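Engineer: If it helps, the file is called final-v3.tsv and holds TSV, C-alpha atoms:
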chain	number	residue	atom	x	y	z
A	77	MET	CA	124.65	71.34	138.97
A	78	ARG	CA	126.43	74.54	139.62
A	79	GLY	CA	129.98	73.35	140.37
A	80	ARG	CA	132.93	75.64	140.24
A	81	ALA	CA	135.87	73.26	140.47
A	82	SER	CA	137.89	72.87	137.28
A	83	ALA	CA	135.25	74.68	135.23
A	84	LEU	CA	137.14	77.96	135.38
A	85	SER	CA	139.94	76.39	133.37
A	86	ARG	CA	137.59	75.27	130.59
A	87	ARG	CA	137.02	78.61	129.00
A	88	GLY	CA	137.21	77.10	125.58
A	89	ALA	CA	133.91	75.39	126.26
A	90	LEU	CA	132.23	78.74	126.66
A	91	ALA	CA	132.36	79.35	122.94
A	92	GLY	CA	129.97	76.49	122.36
A	93	LEU	CA	127.32	77.93	124.65
A	94	GLY	CA	125.69	80.39	122.32
A	95	ALA	CA	122.65	82.55	123.03
A	96	ALA	CA	119.33	80.81	122.56
A	97	PRO	CA	116.58	83.19	121.38
A	98	PHE	CA	113.15	82.66	122.89
A	99	VAL	CA	109.86	83.50	121.11
A	100	ARG	CA	111.35	86.44	119.22
A	101	ALA	CA	114.62	86.52	117.37
A	102	ARG	CA	117.05	89.31	118.04
A	103	ALA	CA	115.57	92.36	116.31
A	104	ALA	CA	117.36	95.60	115.60
A	105	THR	CA	114.17	97.58	116.25
A	106	MET	CA	113.60	96.07	119.70
A	107	PRO	CA	115.55	96.44	122.93
A	108	THR	CA	117.01	92.98	123.53
A	109	LEU	CA	117.60	91.66	127.01
A	110	THR	CA	120.13	88.84	127.40
A	111	VAL	CA	119.49	86.50	130.31
A	112	CYS	CA	122.22	84.03	131.23
A	113	GLY	CA	121.20	80.95	133.19
A	114	PHE	CA	121.48	77.20	133.63
A	115	HIS	CA	120.92	74.88	130.68
A	116	GLY	CA	118.64	71.86	130.37
A	117	PRO	CA	115.43	71.44	132.40
A	118	PHE	CA	116.06	74.68	134.30
A	119	GLN	CA	116.20	76.61	131.03
A	120	LYS	CA	113.00	75.02	129.76
A	121	ALA	CA	111.09	75.83	132.95
A	122	PHE	CA	112.54	79.35	133.14
A	123	GLN	CA	111.54	80.13	129.58
A	124	ALA	CA	107.98	78.90	130.14
A	125	ALA	CA	107.36	80.31	133.61
A	126	VAL	CA	109.36	83.54	133.52
A	127	ILE	CA	110.28	84.69	130.01
A	128	ALA	CA	107.07	83.87	128.12
A	129	PRO	CA	104.80	85.84	130.52
A	130	PHE	CA	107.28	88.73	130.53
A	131	LEU	CA	107.14	88.95	126.75
A	132	ARG	CA	103.35	89.00	126.84
A	133	LEU	CA	103.50	91.92	129.27
A	134	HIS	CA	106.18	93.73	127.24
A	135	PRO	CA	105.45	93.15	123.53
A	136	GLY	CA	108.08	95.67	122.43
A	137	VAL	CA	110.96	93.72	123.97
A	138	ALA	CA	113.06	90.78	122.81
A	139	VAL	CA	114.65	88.31	125.23
A	140	VAL	CA	117.58	86.00	124.50
A	141	TYR	CA	118.40	83.18	126.91
A	142	ARG	CA	122.10	82.36	127.00
A	143	PRO	CA	122.59	78.88	128.53
A	144	ILE	CA	125.54	77.94	130.73
A	145	MET	CA	126.60	74.62	132.23
A	146	ASN	CA	127.13	76.01	135.73
A	147	SER	CA	127.77	79.13	137.78
A	148	ALA	CA	131.54	78.90	137.31
A	149	GLN	CA	131.10	79.46	133.59
A	150	LEU	CA	128.89	82.45	134.31
A	151	LEU	CA	131.61	83.96	136.47
A	152	ALA	CA	134.16	83.36	133.72
A	153	LEU	CA	131.87	85.08	131.19
A	154	LEU	CA	131.30	88.08	133.45
A	155	ARG	CA	135.05	88.43	133.90
A	156	LEU	CA	135.79	88.07	130.18
A	157	GLU	CA	133.12	90.61	129.24
A	158	ARG	CA	133.82	93.08	132.05
A	159	ALA	CA	134.76	95.89	129.65
A	160	ALA	CA	131.79	95.34	127.31
A	161	PRO	CA	129.10	93.20	129.00
A	162	ARG	CA	126.84	91.16	126.74
A	163	ILE	CA	124.87	89.76	129.66
A	164	ASP	CA	122.13	91.85	131.26
A	165	VAL	CA	120.57	89.47	133.78
A	166	ALA	CA	122.53	86.59	135.32
A	167	ILE	CA	121.35	83.59	137.33
A	168	ALA	CA	123.92	82.02	139.64
A	169	ASP	CA	124.26	80.12	142.87
A	170	ILE	CA	124.75	82.36	145.88
A	171	SER	CA	128.44	81.56	146.40
A	172	ILE	CA	129.19	82.84	142.88
A	173	SER	CA	126.99	85.86	143.45
A	174	ILE	CA	129.11	86.71	146.50
A	175	LEU	CA	132.34	86.37	144.51
A	176	ALA	CA	131.01	88.34	141.52
A	177	THR	CA	129.79	91.12	143.80
A	178	ALA	CA	133.21	91.36	145.44
A	179	GLU	CA	134.72	91.74	141.95
A	180	GLN	CA	132.20	94.49	141.11
A	181	LEU	CA	130.67	92.42	138.31
A	182	LEU	CA	127.09	92.79	139.57
A	183	ALA	CA	125.09	95.98	140.09
A	184	PRO	CA	123.17	96.75	143.30
A	185	LEU	CA	119.36	96.68	143.21
A	186	SER	CA	117.08	98.92	145.25
A	187	ASP	CA	113.44	98.59	146.35
A	188	GLY	CA	112.60	101.39	143.96
A	189	GLU	CA	114.04	99.51	140.99
A	190	VAL	CA	112.69	96.13	142.11
A	191	PRO	CA	109.53	96.58	144.23
A	192	ASN	CA	109.26	92.83	144.88
A	193	ARG	CA	112.61	93.02	146.64
A	194	ALA	CA	110.69	93.90	149.79
A	195	ALA	CA	109.00	90.46	149.72
A	196	ILE	CA	112.33	88.60	149.75
A	197	PRO	CA	113.51	87.53	153.23
A	198	ASP	CA	116.69	88.98	154.68
A	199	TRP	CA	118.70	85.87	153.78
A	200	GLY	CA	117.78	86.45	150.13
A	201	ARG	CA	118.98	90.03	149.95
A	202	GLY	CA	122.18	89.95	151.90
A	203	ARG	CA	124.69	92.71	152.41
A	204	ASN	CA	127.52	90.78	150.74
A	205	PHE	CA	125.86	90.13	147.37
A	206	ASN	CA	124.05	92.53	145.05
A	207	GLY	CA	121.62	90.06	143.52
A	208	LEU	CA	118.39	88.72	144.99
A	209	ALA	CA	117.42	85.16	145.83
A	210	PHE	CA	115.30	83.77	142.98
A	211	SER	CA	114.83	80.12	143.98
A	212	ARG	CA	115.79	77.50	146.56
A	213	ASP	CA	116.88	73.96	145.86
A	214	ASN	CA	117.94	71.05	148.04
A	215	LEU	CA	120.77	68.58	147.72
A	216	ALA	CA	119.16	65.17	147.28
A	217	LEU	CA	119.69	61.50	146.67
A	218	VAL	CA	118.71	60.76	143.08
A	219	TYR	CA	118.10	57.12	142.26
A	220	ASP	CA	116.97	54.70	139.57
A	221	SER	CA	113.64	53.32	140.82
A	222	ARG	CA	114.06	50.34	138.47
A	223	ALA	CA	117.18	49.26	140.36
A	224	ILE	CA	116.12	50.47	143.82
A	225	PRO	CA	112.34	49.94	144.20
A	226	ALA	CA	112.21	51.22	147.81
A	227	ALA	CA	113.24	54.86	148.08
A	228	PRO	CA	116.49	55.48	149.99
A	229	GLU	CA	115.85	57.35	153.22
A	230	SER	CA	119.27	58.33	154.52
A	231	TRP	CA	122.56	59.77	153.30
A	232	MET	CA	124.04	56.59	154.77
A	233	ASP	CA	122.42	54.66	151.91
A	234	LEU	CA	125.37	55.85	149.80
A	235	GLY	CA	127.34	53.20	151.68
A	236	ARG	CA	124.73	50.43	151.37
A	237	PRO	CA	126.66	47.15	150.74
A	238	ALA	CA	124.28	46.10	147.96
A	239	LEU	CA	125.30	49.17	145.94
A	240	VAL	CA	129.00	48.46	145.39
A	241	ASP	CA	130.09	50.04	142.07
A	242	GLN	CA	126.60	51.50	141.55
A	243	VAL	CA	127.00	54.91	143.21
A	244	CYS	CA	127.86	58.14	141.39
A	245	MET	CA	129.23	60.94	143.57
A	246	PRO	CA	130.12	64.06	141.54
A	247	VAL	CA	131.34	65.96	144.59
A	248	GLU	CA	134.17	68.05	143.12
A	249	ASP	CA	131.80	71.00	142.97
A	250	THR	CA	128.97	72.67	144.91
A	251	ARG	CA	127.38	69.29	145.60
A	252	GLY	CA	130.40	68.21	147.60
A	253	VAL	CA	130.72	71.56	149.32
A	254	ALA	CA	127.04	71.42	150.33
A	255	LEU	CA	127.19	67.77	151.37
A	256	LEU	CA	130.13	68.22	153.75
A	257	PRO	CA	128.21	70.36	156.29
A	258	VAL	CA	125.35	67.83	156.30
A	259	LEU	CA	127.70	64.88	156.88
A	260	THR	CA	129.65	66.85	159.48
A	261	ARG	CA	126.44	67.55	161.39
A	262	MET	CA	125.45	63.88	161.16
A	263	ALA	CA	128.81	63.01	162.76
A	264	GLY	CA	128.19	65.48	165.58
A	265	GLY	CA	130.40	68.30	164.30
A	266	ASP	CA	130.08	71.89	163.09
A	267	TYR	CA	131.40	72.68	159.60
A	268	ARG	CA	132.57	76.11	160.74
A	269	ALA	CA	134.95	74.46	163.21
A	270	SER	CA	136.13	71.51	161.10
A	271	ILE	CA	134.97	69.43	158.14
A	272	ASP	CA	137.08	66.45	159.21
A	273	PRO	CA	134.04	64.47	160.46
A	274	GLY	CA	132.26	65.02	157.14
A	275	LEU	CA	135.29	63.95	155.12
A	276	ALA	CA	135.63	60.82	157.23
A	277	LEU	CA	132.00	59.91	156.60
A	278	MET	CA	132.37	60.64	152.88
A	279	ARG	CA	135.33	58.26	152.73
A	280	ARG	CA	133.08	55.48	154.07
A	281	PHE	CA	131.02	55.72	150.89
A	282	ALA	CA	134.06	55.53	148.57
A	283	PRO	CA	134.08	51.71	148.08
A	284	ASN	CA	130.62	51.95	146.49
A	285	VAL	CA	131.56	54.72	144.06
A	286	ALA	CA	131.78	53.79	140.40
A	287	SER	CA	132.20	57.39	139.22
A	288	TRP	CA	133.30	60.63	140.88
A	289	ASN	CA	132.81	62.61	137.68
A	290	ALA	CA	129.45	62.00	135.99
A	291	GLN	CA	129.65	62.52	132.23
A	292	PRO	CA	127.62	64.07	130.74
A	293	ASP	CA	125.77	64.27	134.09
A	294	LEU	CA	124.41	62.18	136.93
A	295	TYR	CA	120.85	62.13	135.60
A	296	THR	CA	121.89	60.75	132.22
A	297	LEU	CA	123.85	57.96	133.90
A	298	LEU	CA	120.83	57.04	136.00
A	299	LEU	CA	118.49	57.09	133.01
A	300	ALA	CA	120.91	54.82	131.12
A	301	GLN	CA	121.11	52.52	134.17
A	302	THR	CA	124.88	53.01	134.35
A	303	ALA	CA	124.46	54.01	138.00
A	304	ALA	CA	121.74	53.31	140.56
A	305	LEU	CA	122.20	56.09	143.13
A	306	GLY	CA	123.88	59.46	143.25
A	307	VAL	CA	124.16	62.89	144.85
A	308	GLY	CA	122.29	65.52	142.85
A	309	TRP	CA	119.79	68.36	143.04
A	310	ASN	CA	116.19	67.79	143.99
A	311	GLY	CA	114.66	70.19	141.45
A	312	ARG	CA	116.47	68.74	138.45
A	313	GLY	CA	115.89	65.18	139.64
A	314	GLN	CA	112.17	65.85	140.06
A	315	MET	CA	111.88	67.50	136.64
A	316	ILE	CA	113.73	64.76	134.77
A	317	GLY	CA	111.84	62.06	136.65
A	318	ARG	CA	108.51	63.62	135.70
A	319	ALA	CA	109.60	63.76	132.05
A	320	ASN	CA	110.69	60.09	132.19
A	321	PRO	CA	108.07	58.23	134.29
A	322	GLY	CA	109.16	55.07	136.02
A	323	THR	CA	112.88	55.84	135.84
A	324	ILE	CA	114.63	58.23	138.21
A	325	ARG	CA	113.41	59.90	141.38
A	326	ALA	CA	114.80	62.37	143.87
A	327	VAL	CA	114.41	62.19	147.63
A	328	ILE	CA	115.61	64.42	150.46
A	329	PRO	CA	117.02	62.17	153.22
A	330	ARG	CA	115.56	62.18	156.71
A	331	GLU	CA	118.71	63.84	158.15
A	332	GLY	CA	117.84	66.94	156.12
A	333	SER	CA	119.63	68.79	153.37
A	334	VAL	CA	121.03	72.19	152.45
A	335	ALA	CA	119.08	75.21	151.29
A	336	GLN	CA	120.95	75.95	148.07
A	337	ILE	CA	120.03	79.43	146.82
A	338	ASN	CA	120.01	80.60	143.22
A	339	THR	CA	120.23	84.35	142.78
A	340	ILE	CA	119.07	86.60	139.97
A	341	ASN	CA	121.43	89.49	139.27
A	342	LEU	CA	121.86	92.60	137.17
A	343	ALA	CA	125.22	92.64	135.44
A	344	ALA	CA	127.33	95.72	136.14
A	345	GLY	CA	127.54	97.90	133.05
A	346	SER	CA	124.43	96.42	131.42
A	347	ALA	CA	123.24	98.50	128.48
A	348	HIS	CA	119.66	97.70	129.50
A	349	ALA	CA	119.86	98.20	133.26
A	350	ALA	CA	116.33	99.60	133.71
A	351	LEU	CA	114.79	96.84	131.60
A	352	GLY	CA	116.88	94.26	133.44
A	353	ALA	CA	115.59	95.50	136.80
A	354	THR	CA	112.02	95.31	135.46
A	355	PHE	CA	112.65	91.72	134.37
A	356	ILE	CA	114.08	90.81	137.78
A	357	ASP	CA	111.05	92.33	139.50
A	358	HIS	CA	108.79	90.23	137.26
A	359	ALA	CA	110.81	87.08	138.08
A	360	LEU	CA	110.26	87.73	141.79
A	361	SER	CA	106.51	88.34	141.59
A	362	VAL	CA	104.10	86.00	143.38
A	363	GLU	CA	102.62	84.71	140.12
A	364	THR	CA	105.97	84.00	138.48
A	365	GLN	CA	107.48	82.42	141.57
A	366	ALA	CA	104.50	80.09	142.00
A	367	ALA	CA	104.57	79.10	138.32
A	368	PHE	CA	108.29	78.33	138.41
A	369	ALA	CA	107.85	76.22	141.56
A	370	ARG	CA	105.14	74.16	139.85
A	371	MET	CA	107.26	73.56	136.74
A	372	ALA	CA	110.71	73.17	138.24
A	373	PHE	CA	110.27	71.96	141.85
A	374	TYR	CA	112.40	74.86	143.11
A	375	GLY	CA	111.28	76.62	146.25
A	376	PRO	CA	110.04	80.21	145.85
A	377	THR	CA	111.80	83.07	147.64
A	378	ASN	CA	108.94	85.57	147.63
A	379	ALA	CA	107.53	85.23	151.16
A	380	GLN	CA	103.97	85.84	149.92
A	381	VAL	CA	103.87	82.66	147.82
A	382	VAL	CA	101.78	79.84	149.31
A	383	LEU	CA	102.36	76.39	147.78
A	384	PRO	CA	99.98	73.41	147.82
A	385	GLU	CA	101.03	70.88	150.46
A	386	SER	CA	101.90	68.17	147.93
A	387	LEU	CA	104.17	70.51	145.97
A	388	SER	CA	105.80	71.85	149.12
A	389	ASP	CA	106.54	68.27	150.25
A	390	GLY	CA	108.09	67.50	146.86
A	391	ILE	CA	110.37	70.51	147.13
A	392	PHE	CA	111.31	70.43	150.81
A	393	GLY	CA	110.69	66.79	151.76
A	394	GLY	CA	107.74	67.24	154.13
A	395	PRO	CA	107.58	69.17	157.45
A	396	ALA	CA	109.81	66.84	159.48
A	397	VAL	CA	112.57	66.77	156.85
A	398	ALA	CA	112.18	70.49	156.06
A	399	ALA	CA	112.77	71.26	159.73
A	400	ARG	CA	116.22	69.67	159.37
A	401	GLU	CA	117.17	71.86	156.40
A	402	MET	CA	120.53	73.59	156.89
A	403	HIS	CA	120.91	77.28	156.10
A	404	LEU	CA	124.61	77.68	155.52
A	405	ASP	CA	126.79	80.71	156.09
A	406	TRP	CA	127.50	81.21	152.40
A	407	THR	CA	130.08	83.92	153.02
A	408	PHE	CA	132.05	81.39	155.08
A	409	ILE	CA	131.44	78.69	152.45
A	410	SER	CA	132.59	80.96	149.63
A	411	ALA	CA	135.83	81.74	151.47
A	412	HIS	CA	136.58	78.02	152.01
A	413	TYR	CA	135.14	76.64	148.77
A	414	GLY	CA	138.39	76.03	146.92
A	415	ASN	CA	140.15	74.47	149.90
A	416	TRP	CA	137.22	72.13	150.58
A	417	ILE	CA	137.24	70.93	146.96
A	418	ARG	CA	140.98	70.26	147.16
A	419	ARG	CA	140.49	68.30	150.38
A	420	ILE	CA	137.69	66.21	148.79
A	421	GLN	CA	140.00	65.46	145.86
A	422	ARG	CA	143.00	64.63	148.04
A	423	GLU	CA	141.45	62.98	151.10
A	424	VAL	CA	138.43	61.21	149.59
A	425	ILE	CA	138.77	60.65	145.86
A	426	SER	CA	142.53	60.07	145.66
A	427	ALA	CA	142.58	58.12	148.92
How does this structure look as structure tokens?
Structural biologist:
Amino acid sequence: MRGRASALSRRGALAGLGAAPFVRARAATMPTLTVCGFHGPFQKAFQAAVIAPFLRLHPGVAVVYRPIMNSAQLLALLRLERAAPRIDVAIADISISILATAEQLLAPLSDGEVPNRAAIPDWGRGRNFNGLAFSRDNLALVYDSRAIPAAPESWMDLGRPALVDQVCMPVEDTRGVALLPVLTRMAGGDYRASIDPGLALMRRFAPNVASWNAQPDLYTLLLAQTAALGVGWNGRGQMIGRANPGTIRAVIPREGSVAQINTINLAAGSAHAALGATFIDHALSVETQAAFARMAFYGPTNAQVVLPESLSDGIFGGPAVAAREMHLDWTFISAHYGNWIRRIQREVISA
């Protein structure tokens, strides 16, 4: 969903990702806020749950949503536009937020600028990144319910003998980096000491893999019945499954998953910094967070949000599974990200 590997070299693709105006076109008489975030179902839910209410509250403002394929492309854009930023508010996974903060591409946010910052837990407003946690997602098994009537329950189902040449594992990005700690824990190890146990377990799934690089994406392959099972993101799998009943579903395995955090950030040098901070505060409000959770199946980060039990189970997998959720040391992960990707490529995919 938000993979970094290889994307940094595809800068040419950035030109095709133009800004998408929402509700109001860019108007010379209005201050225009540019929000850069993920494309597809995320964009649709974000526009409905976050941008539309903001525009109703601020009728003298225009908002443009600039879609990106993943966080790596956002980082490339921030770097390219460092001298003259065109992005005001940026949505990115936490590992990219850490990198962008270290490169001074993101501006710090205070409680005074963003009052709802106080409702975000400590893990969502860390010292090593300037943004704030906007949503939580979980790595999941996404499957075609037409091919697999009984929901898979374990990460080990990736190696189920009946699924030879039917598994899609796009793990040369954040999905692989997030999966390794889970597999390492399952094998009795600690990812901070060594990911060797996780790599060994990942290699056991390799004979079933028909594709390591889902094009255009895992969910499209599942909808087209080109694959039956894959590693994806719960929120996107839930959204696409709801839009296409009786096709794909997402499930968080009983061994637990990883709390993947998306951050919302103010770009350093934004020409609309005050308006951007106001928008971020709105995105973190109880009402907005609850609405986005209902539409997108992403967990809220505002601690005051209370979700219905059925929705909470859909997002986190139920109390027993949620208790197994891993909260990674993202500073450690960010420092080892590139090496882990290279090891997946060399020791799993190539092998």
Engineer: Using only C-alpha atoms, can you tell me which of A:Ala379, A:Ala178, A:Val165, A:Leu109 comes closest to A:Ser410?
Structural biologist: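 Of all the options, A:Ala178 lies closest to A:Ser410.
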Engineer: For stretch 320-332 of chain A, work out the shell of residues within 8 Å, counting only C-alpha atoms and skipping chain neighbours fewer than 4 positions away, then give it as a ChimeraX atom specification.
Structural biologist: /A:214-222,227-231,258,262,295,298-299,309-310,313-314,316,392-393,396-402
Engineer: Expressed in Å to a single decimal, how great is the separation between atom CA of A:Ala343 and atom CA of A:Phe130?
Structural biologist: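 Here the two named atoms are 19.0 Å from each other.
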Engineer: What does the structure give for the distance between atom CA of A:Ala238 and atom CA of A:Val285, in Å to one decimal?
Structural biologist: 11.9 Å
Engineer: Go ahead and compute the interatomic distance for atom CA of A:Leu182 and atom CA of A:Gly113, in Å to one decimal.
Structural biologist: 14.7 Å
Engineer: Can you tell me which residues surround A:Ser346 at a distance of at most 7 Å, considering all atoms listed in the file, apart from same-chain residues fewer than 4 positions away, and format the answer as a list of chain:residue names?
Structural biologist: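 The residues that qualify are A:Pro161, A:Ile163, A:Asp164.
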Engineer: Return the single residue from A:Val424, A:Val381, A:Ile174, A:Ala353 that is closest to A:Asp187, with distances computed using only C-alpha atoms.
Structural biologist: A:Ala353
Engineer: Env of stretch 191-194 of chain A: 12 Å cut, atoms = all atoms listed in the file, seq-sep filter 5 positions within chain, self excluded. Answer as a ChimeraX atom specification.
Structural biologist: /A:184-186,199-202,206-210,340,353-365,377-381
Engineer: Which polymer residues, whether protein, DNA or RNA, lie within 8 Å of the coordinate (128.3, 67.1, 148.0) when you count all atoms listed in the file? List them as a PyMOL selection string, using the chain letters and numbers from the file.
Structural biologist: chain A and resi 215+245-256+307
Engineer: Could you please take those selected residues and save C-alpha atoms as a PDB file, in the frame of the given file?
Structural biologist:
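Writing the result to again05.pdb gives the following:
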ATOM      1  CA  LEU A 215     120.770  68.580 147.720  1.00  0.00           C
ATOM      2  CA  MET A 245     129.230  60.940 143.570  1.00  0.00           C
ATOM      3  CA  PRO A 246     130.120  64.060 141.540  1.00  0.00           C
ATOM      4  CA  VAL A 247     131.340  65.960 144.590  1.00  0.00           C
ATOM      5  CA  GLU A 248     134.170  68.050 143.120  1.00  0.00           C
ATOM      6  CA  ASP A 249     131.800  71.000 142.970  1.00  0.00           C
ATOM      7  CA  THR A 250     128.970  72.670 144.910  1.00  0.00           C
ATOM      8  CA  ARG A 251     127.380  69.290 145.600  1.00  0.00           C
ATOM      9  CA  GLY A 252     130.400  68.210 147.600  1.00  0.00           C
ATOM     10  CA  VAL A 253     130.720  71.560 149.320  1.00  0.00           C
ATOM     11  CA  ALA A 254     127.040  71.420 150.330  1.00  0.00           C
ATOM     12  CA  LEU A 255     127.190  67.770 151.370  1.00  0.00           C
ATOM     13  CA  LEU A 256     130.130  68.220 153.750  1.00  0.00           C
ATOM     14  CA  VAL A 307     124.160  62.890 144.850  1.00  0.00           C
TER      15      VAL A 307
END
Engineer: Taking 6 positions as the minimum chain separation for residues in the same chain, which residues sit within 6 Å of A:Ser211 when counting only C-alpha atoms? Answer as a list in words.
Structural biologist: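 Returned residues: Ile337, Asn338, Tyr374, Gly375, Pro376 and Thr377 of chain A.
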Engineer: Please provide as a list in words all residues within 12 Å of A:Thr302, with the sequence filter that same-chain residues fewer than 2 positions apart are discarded (counting all atoms listed in the file).
Structural biologist: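 Non-adjacent residues within range: Tyr219, Asp220, Arg222, Ala223, Asp241, Gln242, Val243, Cys244, Val285, Ala286, Ser287, Ala290, Gln291, Pro292, Asp293, Leu294, Tyr295, Thr296, Leu297, Leu298, Leu299, Ala300, Ala304, Leu305 and Gly306 of chain A.
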Engineer: With all atoms listed in the file as the atoms that count, which of A:Ile425, A:Val382, A:Ala168, A:Cys112 lies nearest to A:Leu275?
Structural biologist: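 Selected residue with least distance to A:Leu275: A:Ile425.
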Engineer: Have a look at A:Ala350, A:Arg236, A:Pro384, A:Ile172 and name the one nearest to A:Tyr413; count only C-alpha atoms.
Structural biologist: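 Between A:Ala350, A:Arg236, A:Pro384, A:Ile172, the residue approaching A:Tyr413 most closely is A:Ile172.
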